[in-house]
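Text of the file input-v8.cif, holding mmCIF, C-alpha atoms:
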```cif
data_start
#
loop_
_atom_site.label_atom_id
_atom_site.label_comp_id
_atom_site.auth_asym_id
_atom_site.auth_seq_id
_atom_site.Cartn_x
_atom_site.Cartn_y
_atom_site.Cartn_z
CA MET P 1 -38.33 50.91 -106.57
CA ALA P 2 -40.41 52.92 -108.97
CA GLY P 3 -43.29 53.14 -106.50
CA ASP P 4 -41.06 54.95 -104.02
CA LYS P 5 -40.17 57.77 -106.40
CA LEU P 6 -41.81 61.13 -105.78
CA PRO P 7 -43.34 63.30 -108.48
CA GLU P 8 -41.10 66.06 -109.76
CA ASP P 9 -43.14 68.75 -108.03
CA PHE P 10 -42.70 67.14 -104.57
CA GLN P 11 -39.79 66.65 -102.24
CA LYS P 12 -38.94 65.18 -98.82
CA VAL P 13 -38.25 67.79 -96.15
CA GLU P 14 -36.79 67.05 -92.72
CA ARG P 15 -39.11 68.44 -90.07
CA GLU P 16 -38.89 68.74 -86.28
CA GLY P 17 -41.74 68.32 -83.85
CA VAL P 18 -42.65 67.78 -80.21
CA MET P 19 -45.21 65.36 -78.85
CA PHE P 20 -46.60 64.90 -75.35
CA VAL P 21 -46.84 61.38 -73.96
CA ASP P 22 -49.50 61.28 -71.25
CA SER P 23 -50.66 58.77 -68.59
CA ILE P 24 -47.20 57.30 -67.98
CA PHE P 25 -47.04 58.99 -64.53
CA PRO P 26 -49.77 59.95 -62.02
CA ILE P 27 -50.99 63.54 -62.20
CA ARG P 28 -49.84 65.43 -59.13
CA LEU P 29 -52.90 67.08 -57.57
CA GLY P 30 -51.11 68.87 -54.70
CA VAL P 31 -48.16 68.92 -52.33
CA TRP P 32 -49.84 66.17 -50.32
CA ASP P 33 -49.99 63.74 -53.28
CA LEU P 34 -47.63 60.90 -52.30
CA ARG P 35 -47.97 59.18 -55.68
CA HIS P 36 -45.59 61.76 -57.10
CA TYR P 37 -42.69 60.47 -55.00
CA ILE P 38 -43.43 56.84 -55.87
CA ALA P 39 -43.55 57.69 -59.57
CA ALA P 40 -40.29 59.65 -59.33
CA SER P 41 -38.54 56.48 -58.16
CA GLN P 42 -39.82 54.72 -61.32
CA GLN P 43 -38.72 57.51 -63.69
CA LEU P 44 -35.65 55.79 -65.17
CA ARG P 45 -37.51 52.55 -65.84
CA VAL P 46 -40.49 54.31 -67.46
CA MET P 47 -38.36 56.60 -69.64
CA SER P 48 -36.17 53.69 -70.77
CA SER P 49 -39.27 51.73 -71.78
CA LEU P 50 -40.60 54.79 -73.64
CA GLN P 51 -37.31 55.15 -75.55
CA ASP P 52 -37.42 51.49 -76.59
CA THR P 53 -40.99 51.85 -77.86
CA LEU P 54 -40.29 55.02 -79.86
CA ASP P 55 -37.16 53.51 -81.44
CA ARG P 56 -39.35 50.87 -83.14
CA ILE P 57 -41.53 53.42 -84.96
CA THR P 58 -41.08 53.05 -88.74
CA LEU P 59 -42.13 56.48 -90.00
CA PRO P 60 -39.82 57.85 -92.75
CA GLY P 61 -36.80 59.43 -91.11
CA PHE P 62 -38.34 59.28 -87.61
CA GLN P 63 -35.70 59.81 -84.95
CA VAL P 64 -36.01 60.72 -81.27
CA GLU P 65 -33.73 63.57 -80.28
CA LYS P 66 -34.64 64.23 -76.65
CA LEU P 67 -36.87 62.91 -73.88
CA GLU P 68 -37.90 65.24 -71.08
CA PRO P 69 -40.12 63.89 -68.25
CA ARG P 70 -43.03 66.01 -67.08
CA ILE P 71 -43.93 64.08 -63.91
CA LYS P 72 -46.11 66.84 -62.44
CA ASP P 73 -48.55 66.56 -65.35
CA GLY P 74 -48.19 62.77 -65.63
CA GLY P 75 -46.29 62.60 -68.91
CA ALA P 76 -43.18 63.48 -70.91
CA PHE P 77 -42.17 65.62 -73.88
CA VAL P 78 -40.51 63.96 -76.88
CA LYS P 79 -38.57 66.02 -79.42
CA PHE P 80 -38.24 64.18 -82.73
CA LYS P 81 -37.36 64.49 -86.43
CA TYR P 82 -39.06 62.92 -89.44
CA MET P 83 -39.27 63.30 -93.23
CA GLN P 84 -42.36 65.04 -94.63
CA VAL P 85 -43.41 65.07 -98.26
CA SER P 86 -44.29 68.58 -99.53
CA SER P 87 -44.49 70.63 -102.65
CA LYS P 88 -41.33 72.29 -103.95
CA ASP P 89 -43.19 75.58 -104.25
CA THR P 90 -43.82 75.71 -100.47
CA GLU P 91 -41.02 77.53 -98.68
CA GLU P 92 -41.83 76.24 -95.18
CA PRO P 93 -44.50 73.53 -95.24
CA PRO P 94 -46.70 73.31 -92.15
CA LEU P 95 -46.54 70.32 -89.86
CA ASP P 96 -49.15 67.79 -90.96
CA THR P 97 -50.48 67.39 -87.42
CA PRO P 98 -53.67 65.26 -87.84
CA SER P 99 -52.25 62.62 -90.16
CA LEU P 100 -48.90 62.43 -88.34
CA GLU P 101 -50.54 62.07 -84.92
CA ALA P 102 -52.93 59.41 -86.23
CA GLU P 103 -50.04 57.42 -87.73
CA LEU P 104 -48.01 57.65 -84.51
CA LYS P 105 -50.99 56.43 -82.44
CA LYS P 106 -51.59 53.55 -84.84
CA GLN P 107 -48.00 52.33 -84.77
CA ILE P 108 -47.72 52.63 -80.97
CA ARG P 109 -50.89 50.58 -80.52
CA SER P 110 -49.47 47.94 -82.85
CA LEU P 111 -46.32 47.84 -80.70
CA GLY P 112 -48.35 47.09 -77.60
CA GLY P 113 -48.70 50.62 -76.20
CA ILE P 114 -46.50 52.66 -73.88
CA ARG P 115 -45.64 51.24 -70.47
CA THR P 116 -46.68 53.35 -67.45
CA TRP P 117 -45.40 53.63 -63.88
CA ILE P 118 -47.81 50.96 -62.59
CA GLY P 119 -46.90 48.42 -65.29
CA ASN P 120 -49.85 48.66 -67.71
CA HIS P 121 -49.69 50.03 -71.26
CA ALA P 122 -52.13 52.95 -71.12
CA GLY P 123 -49.82 55.71 -72.40
CA ASP P 124 -50.76 57.72 -75.48
CA VAL P 125 -49.16 60.43 -77.66
CA TRP P 126 -50.39 63.89 -78.66
CA LEU P 127 -48.61 66.30 -81.00
CA VAL P 128 -47.80 69.68 -79.46
CA ARG P 129 -49.27 72.53 -81.52
CA GLY P 130 -48.03 75.37 -79.36
CA ARG P 131 -44.90 76.05 -77.35
CA PRO P 132 -44.56 73.93 -74.18
CA TRP P 133 -44.10 75.84 -70.94
CA LYS P 134 -41.87 73.65 -68.80
CA GLU P 135 -42.34 75.36 -65.44
CA ASP P 136 -41.85 73.86 -61.98
CA MET P 137 -44.12 76.15 -59.96
CA ARG P 138 -46.75 74.87 -57.55
CA ARG P 139 -49.51 74.97 -60.13
CA TYR P 140 -51.17 71.60 -60.06
CA ALA P 141 -53.61 70.13 -62.54
CA SER P 142 -57.37 70.46 -62.14
CA ASN P 143 -60.46 70.00 -64.30
CA ASP P 144 -60.75 73.76 -64.88
CA MET P 145 -58.35 75.60 -67.16
CA LYS P 146 -58.16 79.28 -68.09
CA VAL P 147 -57.33 80.18 -71.68
CA PHE P 148 -55.97 83.73 -71.99
CA PHE P 149 -56.21 85.55 -75.33
CA GLU P 150 -53.15 87.55 -76.33
CA GLY P 151 -55.04 89.23 -79.14
CA PRO P 152 -58.71 89.26 -80.25
CA ASP P 153 -61.13 86.98 -78.42
CA ILE P 154 -61.72 83.45 -79.72
CA TYR P 155 -65.27 82.24 -80.16
CA GLN P 156 -66.61 79.33 -78.12
CA GLU P 157 -67.10 77.22 -81.24
CA THR P 158 -63.45 77.58 -82.19
CA LEU P 159 -62.24 76.83 -78.67
CA TYR P 160 -64.46 73.75 -78.56
CA ASP P 161 -63.09 72.47 -81.87
CA ILE P 162 -59.51 72.90 -80.62
CA MET P 163 -59.91 71.52 -77.09
CA ARG P 164 -62.44 68.71 -77.65
CA HIS P 165 -59.70 66.62 -79.27
CA TYR P 166 -58.06 66.16 -75.84
CA GLY P 167 -61.09 65.02 -73.83
CA GLN P 168 -64.70 65.59 -72.85
CA ILE P 169 -65.61 69.23 -72.12
CA SER P 170 -68.31 70.06 -69.58
CA ASN P 171 -68.54 73.82 -70.10
CA ILE P 172 -66.86 76.83 -71.73
CA SER P 173 -67.44 80.31 -70.32
CA ASN P 174 -67.49 83.52 -72.32
CA PRO P 175 -64.74 86.11 -71.70
CA GLY P 176 -65.82 88.56 -69.01
CA PRO P 177 -64.83 92.18 -68.39
CA VAL P 178 -61.34 92.59 -66.90
CA PRO P 179 -59.32 95.59 -65.64
CA ALA P 180 -57.43 97.65 -68.17
CA GLY P 181 -54.13 96.09 -69.20
CA THR P 182 -55.28 92.56 -68.26
CA LEU P 183 -55.79 89.76 -70.79
CA ARG P 184 -59.31 88.50 -71.34
CA PHE P 185 -59.88 84.77 -70.88
CA SER P 186 -62.36 81.94 -71.08
CA THR P 187 -62.61 79.09 -68.57
CA ILE P 188 -62.89 75.55 -69.91
CA LYS P 189 -64.15 72.82 -67.58
CA PHE P 190 -62.99 69.35 -68.61
CA ALA P 191 -64.53 66.12 -67.41
CA ASN P 192 -61.25 64.97 -65.80
CA PRO P 193 -57.78 66.38 -65.02
CA ARG P 194 -56.10 64.10 -67.58
CA ALA P 195 -57.83 65.92 -70.46
CA ALA P 196 -56.81 69.29 -68.97
CA THR P 197 -53.13 68.27 -68.83
CA ARG P 198 -53.20 67.18 -72.47
CA ALA P 199 -54.73 70.48 -73.59
CA HIS P 200 -52.40 72.56 -71.42
CA ASN P 201 -49.19 70.91 -72.63
CA CYS P 202 -50.23 70.77 -76.29
CA ILE P 203 -52.04 74.09 -76.84
CA HIS P 204 -50.17 76.60 -74.64
CA GLY P 205 -48.49 79.11 -76.94
CA PHE P 206 -50.59 78.14 -79.98
CA THR P 207 -51.28 81.04 -82.37
CA LEU P 208 -54.34 81.10 -84.65
CA VAL P 209 -56.54 83.47 -86.63
CA ASP P 210 -60.24 82.99 -85.86
CA GLN P 211 -62.84 83.24 -88.59
CA PRO P 212 -65.12 86.33 -88.54
CA ALA P 213 -68.47 85.98 -86.80
CA ILE P 214 -70.38 86.88 -89.98
CA PRO P 215 -69.52 84.75 -93.03
CA GLY P 216 -68.09 86.82 -95.84
CA GLN P 217 -67.05 89.65 -93.53
CA SER P 218 -63.93 91.25 -95.02
CA THR P 219 -62.50 92.83 -91.89
CA GLU P 220 -58.86 92.09 -91.19
CA VAL P 221 -58.41 89.91 -88.10
CA LYS P 222 -55.17 89.80 -86.12
CA PRO P 223 -53.71 86.51 -84.86
CA THR P 224 -54.35 85.44 -81.26
CA ARG P 225 -51.91 83.56 -79.04
CA LEU P 226 -53.43 81.19 -76.49
CA ALA P 227 -51.96 80.90 -72.99
CA THR P 228 -53.34 78.20 -70.69
CA VAL P 229 -53.25 78.08 -66.88
CA TYR P 230 -54.84 75.63 -64.45
CA GLU P 231 -57.65 77.09 -62.35
CA ARG P 232 -57.41 76.20 -58.66
CA LYS P 233 -60.72 75.18 -57.10
CA LEU P 234 -59.86 76.37 -53.60
CA LYS P 235 -58.33 79.82 -53.31
CA GLY P 236 -56.66 80.54 -49.98
CA GLN P 237 -56.36 84.22 -50.80
CA ALA P 238 -60.10 84.47 -51.46
CA ILE P 239 -60.86 82.90 -48.07
CA TRP P 240 -58.50 85.35 -46.36
CA ASP P 241 -60.05 88.31 -48.21
CA TRP P 242 -63.53 87.24 -47.13
CA PHE P 243 -62.36 86.68 -43.55
CA THR P 244 -60.83 90.15 -43.28
CA SER P 245 -63.75 91.82 -45.07
CA HIS P 246 -66.42 90.49 -42.67
CA PRO P 247 -65.14 91.16 -39.13
CA ARG P 248 -68.65 91.07 -37.63
CA ILE P 249 -68.81 87.38 -38.54
CA SER P 250 -65.16 86.31 -38.54
CA VAL P 251 -64.09 87.78 -35.16
CA PRO P 252 -66.78 85.96 -33.09
CA ILE P 253 -66.08 82.74 -35.02
CA LEU P 254 -62.35 83.08 -34.35
CA VAL P 255 -62.92 83.74 -30.64
CA PHE P 256 -65.27 80.76 -30.41
CA LEU P 257 -62.78 78.46 -32.15
CA LEU P 258 -59.92 79.58 -29.92
CA GLY P 259 -62.02 79.09 -26.79
CA SER P 260 -63.19 75.67 -27.92
CA LEU P 261 -59.65 74.63 -28.79
CA SER P 262 -58.41 75.80 -25.40
CA TYR P 263 -61.16 73.86 -23.64
CA MET P 264 -60.59 70.64 -25.58
CA ILE P 265 -56.81 70.66 -25.17
CA PHE P 266 -56.09 72.23 -21.77
CA ASP P 267 -59.13 71.20 -19.71
CA PRO P 268 -58.21 67.47 -19.61
CA ILE P 269 -54.61 68.41 -18.78
CA ARG P 270 -55.72 70.65 -15.90
CA THR P 271 -58.04 67.95 -14.55
CA LEU P 272 -55.21 65.43 -14.59
CA ALA P 273 -52.82 67.93 -12.94
CA VAL P 274 -55.21 68.64 -10.03
CA GLN P 275 -55.83 64.93 -9.58
CA ALA P 276 -52.09 64.27 -9.51
CA LYS P 277 -51.68 66.99 -6.88
CA VAL P 278 -54.37 65.46 -4.63
CA VAL P 279 -53.34 61.83 -5.05
CA GLY P 280 -49.63 62.63 -4.94
CA TRP P 281 -48.61 61.01 -8.19
CA LEU P 282 -45.81 63.53 -8.72
CA ASP P 283 -44.71 63.79 -5.07
CA PHE P 284 -41.52 61.74 -5.00
CA GLN P 285 -41.52 61.66 -1.18
CA GLU P 286 -44.61 59.44 -1.34
CA PHE P 287 -42.91 56.86 -3.57
CA ARG P 288 -42.40 53.50 -1.87
CA ILE P 289 -38.73 53.29 -2.74
CA VAL P 290 -38.13 56.78 -1.32
CA LYS P 291 -40.01 55.95 1.89
CA TRP P 292 -38.05 52.71 2.32
CA PHE P 293 -34.75 54.46 1.67
CA ARG P 294 -35.55 57.27 4.14
CA ARG P 295 -36.80 54.84 6.81
CA ASN P 296 -33.58 52.81 6.66
CA THR P 297 -31.12 55.72 6.40
CA ILE P 298 -32.01 59.26 7.47
CA ASP P 299 -34.79 58.40 9.92
CA ARG P 300 -32.37 56.23 11.90
CA ILE P 301 -30.52 59.41 12.88
CA ARG P 302 -32.38 61.16 15.70
CA PHE P 303 -31.49 64.64 14.41
CA PHE P 304 -33.19 64.04 11.05
CA ARG P 305 -36.08 62.01 12.41
CA LYS P 306 -39.53 63.45 11.77
CA LYS P 307 -41.39 64.86 14.74
CA GLU P 308 -44.14 62.53 15.88
CA LEU P 309 -47.57 63.79 15.18
CA ASP P 310 -49.07 61.96 18.16
CA ALA P 311 -47.85 64.14 21.02
CA GLU P 312 -47.69 62.78 24.53
CA PRO P 313 -50.28 64.15 27.03
CA PRO P 314 -48.98 66.76 29.49
CA THR P 315 -48.03 65.67 32.99
CA SER P 316 -48.91 69.00 34.60
CA VAL P 317 -52.20 69.05 36.52
CA ASP P 318 -52.96 72.57 35.27
CA ASN P 319 -52.93 71.46 31.59
CA GLU P 320 -55.13 68.38 32.03
CA ALA P 321 -58.37 70.29 31.37
CA LEU P 322 -56.92 71.89 28.22
CA TRP P 323 -55.63 68.58 26.98
CA LYS P 324 -59.03 66.97 27.58
CA ASP P 325 -60.76 69.63 25.46
CA ARG P 326 -58.29 69.14 22.63
CA LYS P 327 -58.74 65.37 22.67
CA GLU P 328 -62.52 65.80 22.52
CA ALA P 329 -62.18 68.19 19.57
CA GLU P 330 -59.83 65.78 17.80
CA ASN P 331 -62.19 62.85 18.36
CA THR P 332 -65.07 64.93 17.03
CA LEU P 333 -63.01 65.79 13.93
CA ARG P 334 -62.09 62.15 13.38
CA GLY P 335 -65.74 61.17 13.59
CA TYR P 336 -66.58 63.89 11.06
CA LEU P 337 -63.96 62.54 8.65
CA SER P 338 -64.91 58.87 9.12
CA GLU P 339 -67.88 59.39 6.81
CA THR P 340 -68.31 61.36 3.61
CA PRO P 341 -68.64 64.99 4.77
CA SER P 342 -71.79 66.78 3.64
CA THR P 343 -71.14 70.08 5.45
CA ILE P 344 -68.23 72.42 6.13
CA ALA P 345 -66.31 72.14 9.41
CA PHE P 346 -64.36 75.10 10.83
CA VAL P 347 -61.45 74.60 13.26
CA HIS P 348 -60.71 77.87 15.03
CA GLY P 349 -58.60 78.93 17.94
CA PRO P 350 -55.81 81.28 18.99
CA GLN P 351 -52.66 81.44 16.90
CA GLY P 352 -50.15 78.78 17.93
CA SER P 353 -52.70 76.66 19.80
CA GLY P 354 -51.98 73.53 17.68
CA LYS P 355 -54.79 73.59 15.12
CA SER P 356 -52.58 72.44 12.25
CA SER P 357 -51.01 69.55 14.18
CA MET P 358 -54.43 68.37 15.33
CA LEU P 359 -55.74 68.43 11.76
CA ASN P 360 -52.69 66.52 10.50
CA ARG P 361 -53.18 63.79 13.12
CA ALA P 362 -56.88 63.49 12.30
CA LEU P 363 -56.25 63.33 8.56
CA ARG P 364 -53.49 60.76 8.99
CA HIS P 365 -55.80 58.43 10.93
CA ALA P 366 -58.63 59.03 8.44
CA ASP P 367 -56.33 57.98 5.55
CA ARG P 368 -57.82 60.53 3.15
CA LYS P 369 -56.26 62.36 0.25
CA VAL P 370 -56.44 66.07 0.97
CA LEU P 371 -55.75 69.33 -0.82
CA VAL P 372 -54.31 72.06 1.39
CA ILE P 373 -54.89 75.73 0.45
CA ASP P 374 -53.04 78.36 2.46
CA CYS P 375 -55.31 81.41 2.49
CA GLU P 376 -52.57 83.56 4.00
CA VAL P 377 -50.66 83.40 0.71
CA LEU P 378 -53.76 84.55 -1.16
CA ASN P 379 -54.40 87.41 1.27
CA LYS P 380 -50.88 88.75 0.71
CA SER P 381 -51.33 88.85 -3.08
CA ARG P 382 -51.06 92.30 -4.61
CA SER P 383 -53.07 91.76 -7.78
CA ASP P 384 -55.70 89.50 -9.29
CA SER P 385 -53.04 87.69 -11.32
CA ASP P 386 -51.09 86.89 -8.12
CA VAL P 387 -54.27 85.51 -6.52
CA ILE P 388 -54.94 83.25 -9.50
CA ASN P 389 -51.30 82.11 -9.74
CA GLY P 390 -51.13 81.39 -6.00
CA LEU P 391 -54.36 79.39 -6.03
CA ALA P 392 -53.30 77.47 -9.14
CA THR P 393 -49.93 76.59 -7.57
CA GLN P 394 -51.54 75.22 -4.40
CA THR P 395 -54.21 73.23 -6.22
CA GLY P 396 -51.96 71.94 -9.00
CA TYR P 397 -54.07 73.69 -11.66
CA TRP P 398 -51.81 73.77 -14.74
CA PRO P 399 -51.41 75.33 -17.24
CA VAL P 400 -52.81 78.73 -16.33
CA PHE P 401 -52.47 81.80 -18.56
CA THR P 402 -52.99 84.91 -16.48
CA TRP P 403 -51.52 87.07 -19.21
CA LEU P 404 -54.62 86.32 -21.30
CA ASN P 405 -56.56 88.76 -19.11
CA ASN P 406 -54.65 91.62 -20.75
CA ALA P 407 -54.92 89.98 -24.17
CA THR P 408 -58.68 89.54 -23.90
CA GLY P 409 -58.97 93.15 -22.82
CA LEU P 410 -57.20 94.19 -26.01
CA ILE P 411 -59.45 91.88 -28.03
CA ASP P 412 -62.52 93.51 -26.48
CA LEU P 413 -61.13 96.92 -27.35
CA ALA P 414 -60.53 95.85 -30.96
CA SER P 415 -63.97 94.23 -31.15
CA VAL P 416 -65.64 97.48 -30.10
CA GLY P 417 -63.88 99.26 -32.95
CA LEU P 418 -64.64 96.54 -35.54
CA ILE P 419 -68.09 95.18 -34.70
CA GLY P 420 -69.37 97.73 -32.20
CA GLN P 421 -69.53 95.38 -29.20
CA LYS P 422 -67.26 93.38 -26.94
CA SER P 423 -66.32 89.81 -27.66
CA LYS P 424 -67.21 88.93 -24.03
CA ARG P 425 -64.14 86.80 -23.53
CA ALA P 426 -62.57 88.73 -20.65
CA ASP P 427 -63.55 86.90 -17.43
CA SER P 428 -63.56 88.36 -13.95
CA THR P 429 -61.27 87.03 -11.21
CA TYR P 430 -64.23 85.35 -9.50
CA THR P 431 -65.22 83.60 -12.74
CA GLU P 432 -61.70 82.36 -13.39
CA MET P 433 -61.35 81.07 -9.83
CA SER P 434 -64.65 79.20 -10.16
CA TYR P 435 -63.21 77.19 -13.07
#
```
Structure rendered as structure tokens:
Amino acid sequence: MAGDKLPEDFQKVEREGVMFVDSIFPIRLGVWDLRHYIAASQQLRVMSSLQDTLDRITLPGFQVEKLEPRIKDGGAFVKFKYMQVSSKDTEEPPLDTPSLEAELKKQIRSLGGIRTWIGNHAGDVWLVRGRPWKEDMRRYASNDMKVFFEGPDIYQETLYDIMRHYGQISNISNPGPVPAGTLRFSTIKFANPRAATRAHNCIHGFTLVDQPAIPGQSTEVKPTRLATVYERKLKGQAIWDWFTSHPRISVPILVFLLGSLSYMIFDPIRTLAVQAKVVGWLDFQEFRIVKWFRRNTIDRIRFFRKKELDAEPPTSVDNEALWKDRKEAENTLRGYLSETPSTIAFVHGPQGSGKSSMLNRALRHADRKVLVIDCEVLNKSRSDSDVINGLATQTGYWPVFTWLNNATGLIDLASVGLIGQKSKRADSTYTEMSY
């Protein structure tokens, strides 16, 4: 047709380009973002639907060469070819970005949009003006983005004109002073992470020459390459630097947190362990099945039978007075145990006179749960740690960390050097035993 013929001064040139398709996957905001794994399972279906949509575009010579998913930023890169009309005098005509992008958006909307991972058609296309950086590092999208200048600084007005196309901008900071050999940068705060991902994937590597600040200024300006990086809101390294730089505040806080954690975790366990020791929950000899088995097997053999606690009274006339005193003491002890004791009772007498057997008989008839502490074991202890371990073993107090006495001593020594005073976490033996 005559209408399709080009003027003699124009020609059709095959051009290559890259566009970024956004919103077809969820933006990954961190390692914890589970949507990333759900979207990864939908990758083949989404990319196949994208290919079908792009194949129906009717631009002159438009042809998709390669699809590359970019799930971390919620989109995909599309490398394509198309025919561009340009003058014969132009050696390498520039890519007509605004008109080409507008035509692509118009045709995709007429085709019903681009299908996303959740089934709607909210995907959109943006032509890449720079050089895409297809990295797989743990740099996740955020509203804030740093723009580094590899060359002269770019004015805020120019940055706004470039970046506003991809979404609402809340603020743009001026480049601040940086150490020698470091690139200067501006920080752009977008209204949402989706706009930041568009700008990052379309503008990174873009080279431009900014206009002089004073109109008509004839100074020669060098080109500037833009490099974009997401700005993390929470910096773990900054927290660690602050923590190590303020020991007068951080050391007491750390000691308090460790003490509180120890109390919340171990105190209920220790209470339950002492209760189990007193009640006999963990004593297998008190289990009914064990008692029944022993009563019907071992106890039937006289050699293995337990010695009766109720001893027979002596037949000798000389021991009748002694036996009478012991029975009176035992009756007094049973009366003491028949009610809730409000005072301390001491049972004393010569060694081997039967104090323990009398106490066992009284306690058996009283049917009380008791906790026996052998003070002889504690008296033979050689150190404070042995005293604490021995007492903990007899009372069922578990877990117990006697080695922390040395550790808290070292902490106190370090605290004196750092903050000029002790952390006051090292407890005396009396204090630990009172717990």
Non-local contacts of Arg198 (chain P) (10 Å; all atoms listed in the file; under 6 positions in same chain excluded) as a list in words: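 In the requested form, the answer reads Phe20, Val21, Asp22, Ser23, Asp73, Gly74, Gly75, Val125, Trp126, Leu127, Val128, Met163, His165, Tyr166 and Gly167 of chain P.
CA of Ser142 (chain P) is found 7.7 Å from CA of Asn192 (chain P).
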Rounded to one decimal place, report the CA of Gln63 (chain P)-CA of Met47 (chain P) distance in Å.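 Interatomic distance, CA of Gln63 (chain P) to CA of Met47 (chain P): 15.9 Å.
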Chain and number of each residue from the PyMOL selection byres ((chain P and resi 130-138) around 7), as a PyMOL selection string: chain P and resi 128-129+139-140+201-206
Can you tell me which residues surround region 259-267 of chain P at a distance of at most 9 Å, considering only C-alpha atoms, apart from same-chain residues fewer than 5 positions away, and format the answer as a VMD selection string? chain P and resid 254 272 398 to 399 425
Might you pull out every residue within 9 Å of Val78 (chain P), with all atoms listed in the file counted and same-chain residues fewer than 3 positions away left off, and present them as an MDAnalysis selection string? chainID P and resid 17:21 64:69
Keeping C-alpha atoms, export the residues of the selection given above as an mmCIF file, keeping the file's coordinate frame.
```cif
data_model
loop_
_atom_site.group_PDB
_atom_site.id
_atom_site.type_symbol
_atom_site.label_atom_id
_atom_site.label_comp_id
_atom_site.auth_asym_id
_atom_site.auth_seq_id
_atom_site.Cartn_x
_atom_site.Cartn_y
_atom_site.Cartn_z
ATOM 1 C CA GLY P 17 -41.740 68.320 -83.850
ATOM 2 C CA VAL P 18 -42.650 67.780 -80.210
ATOM 3 C CA MET P 19 -45.210 65.360 -78.850
ATOM 4 C CA PHE P 20 -46.600 64.900 -75.350
ATOM 5 C CA VAL P 21 -46.840 61.380 -73.960
ATOM 6 C CA VAL P 64 -36.010 60.720 -81.270
ATOM 7 C CA GLU P 65 -33.730 63.570 -80.280
ATOM 8 C CA LYS P 66 -34.640 64.230 -76.650
ATOM 9 C CA LEU P 67 -36.870 62.910 -73.880
ATOM 10 C CA GLU P 68 -37.900 65.240 -71.080
ATOM 11 C CA PRO P 69 -40.120 63.890 -68.250
#
```
Radius query 12 Å about (-63.5, 67.7, 15.5), atoms used: all atoms listed in the file, as a PyMOL selection string: chain P and resi 325-338+344-348+355+358-363
Any chance you could resolve the PyMOL selection byres ((chain P and resi 115) around 12) against this file and give the residues as number ranges by chain? P: 21-25, 42-43, 45-54, 75, 108-109, 111-114, 116-124
Best match for closeness to Asp55 (chain P) among P:Phe80, P:Phe190, P:Trp32, P:Tyr37, counting only C-alpha atoms: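 Distance minimum relative to Asp55 (chain P) lands on P:Phe80.
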Would you kindly return, as a count of residues only, each protein, DNA or RNA residue with an atom no farther than 12 Å from any atom of Val209 (chain P), considering only C-alpha atoms and excluding same-chain residues fewer than 4 positions away? 16
In Å, how far is it from CA of Thr197 (chain P) to CA of Met145 (chain P)?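 Rounded to one decimal, the two atoms are 9.2 Å apart.
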Kindly compute an axis-aligned box around the listed atoms of region 10-22 of chain P, allowing 5 Å on each side, and express its centre and edge lengths in Å to one decimal as lines of an AutoDock Vina configuration file.
```
center_x = -43.1
center_y = 65.0
center_z = -87.9
size_x = 22.7
size_y = 17.5
size_z = 43.3
```
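Matched in the shown structure by the PyMOL selection byres ((chain P and resi 188) around 6): Asp144, Met145, Asn171, Ile172, Thr187 and Lys189 of chain P.
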Can you list, as a PyMOL selection string, every protein, DNA or RNA residue that comes within 12 Å of Ser250 (chain P) when you count only C-alpha atoms, leaving out same-chain residues fewer than 2 positions away? chain P and resi 239-248+252-257+415+418-419+423
Could I get region 53-59 of chain P rebuilt with N, CA, C and O atoms, written as an mmCIF file, in the frame of the given file?
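Now in out.cif:
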```
data_model
loop_
_atom_site.group_PDB
_atom_site.id
_atom_site.type_symbol
_atom_site.label_atom_id
_atom_site.label_comp_id
_atom_site.auth_asym_id
_atom_site.auth_seq_id
_atom_site.Cartn_x
_atom_site.Cartn_y
_atom_site.Cartn_z
ATOM 1 N N THR P 53 -39.788 51.884 -77.032
ATOM 2 C CA THR P 53 -40.990 51.850 -77.860
ATOM 3 C C THR P 53 -40.881 52.819 -79.032
ATOM 4 O O THR P 53 -41.221 52.477 -80.184
ATOM 5 N N LEU P 54 -40.393 54.025 -78.787
ATOM 6 C CA LEU P 54 -40.290 55.020 -79.860
ATOM 7 C C LEU P 54 -39.232 54.641 -80.888
ATOM 8 O O LEU P 54 -39.354 55.012 -82.077
ATOM 9 N N ASP P 55 -38.197 53.919 -80.490
ATOM 10 C CA ASP P 55 -37.160 53.510 -81.440
ATOM 11 C C ASP P 55 -37.673 52.508 -82.467
ATOM 12 O O ASP P 55 -37.048 52.322 -83.530
ATOM 13 N N ARG P 56 -38.809 51.866 -82.199
ATOM 14 C CA ARG P 56 -39.350 50.870 -83.140
ATOM 15 C C ARG P 56 -40.378 51.452 -84.092
ATOM 16 O O ARG P 56 -40.997 50.720 -84.858
ATOM 17 N N ILE P 57 -40.615 52.774 -84.023
ATOM 18 C CA ILE P 57 -41.530 53.420 -84.960
ATOM 19 C C ILE P 57 -40.876 53.495 -86.323
ATOM 20 O O ILE P 57 -39.687 53.858 -86.464
ATOM 21 N N THR P 58 -41.633 53.173 -87.382
ATOM 22 C CA THR P 58 -41.080 53.050 -88.740
ATOM 23 C C THR P 58 -41.502 54.180 -89.659
ATOM 24 O O THR P 58 -41.516 54.002 -90.888
ATOM 25 N N LEU P 59 -41.830 55.343 -89.134
ATOM 26 C CA LEU P 59 -42.130 56.480 -90.000
ATOM 27 C C LEU P 59 -40.870 56.895 -90.752
ATOM 28 O O LEU P 59 -39.751 56.734 -90.239
#
```
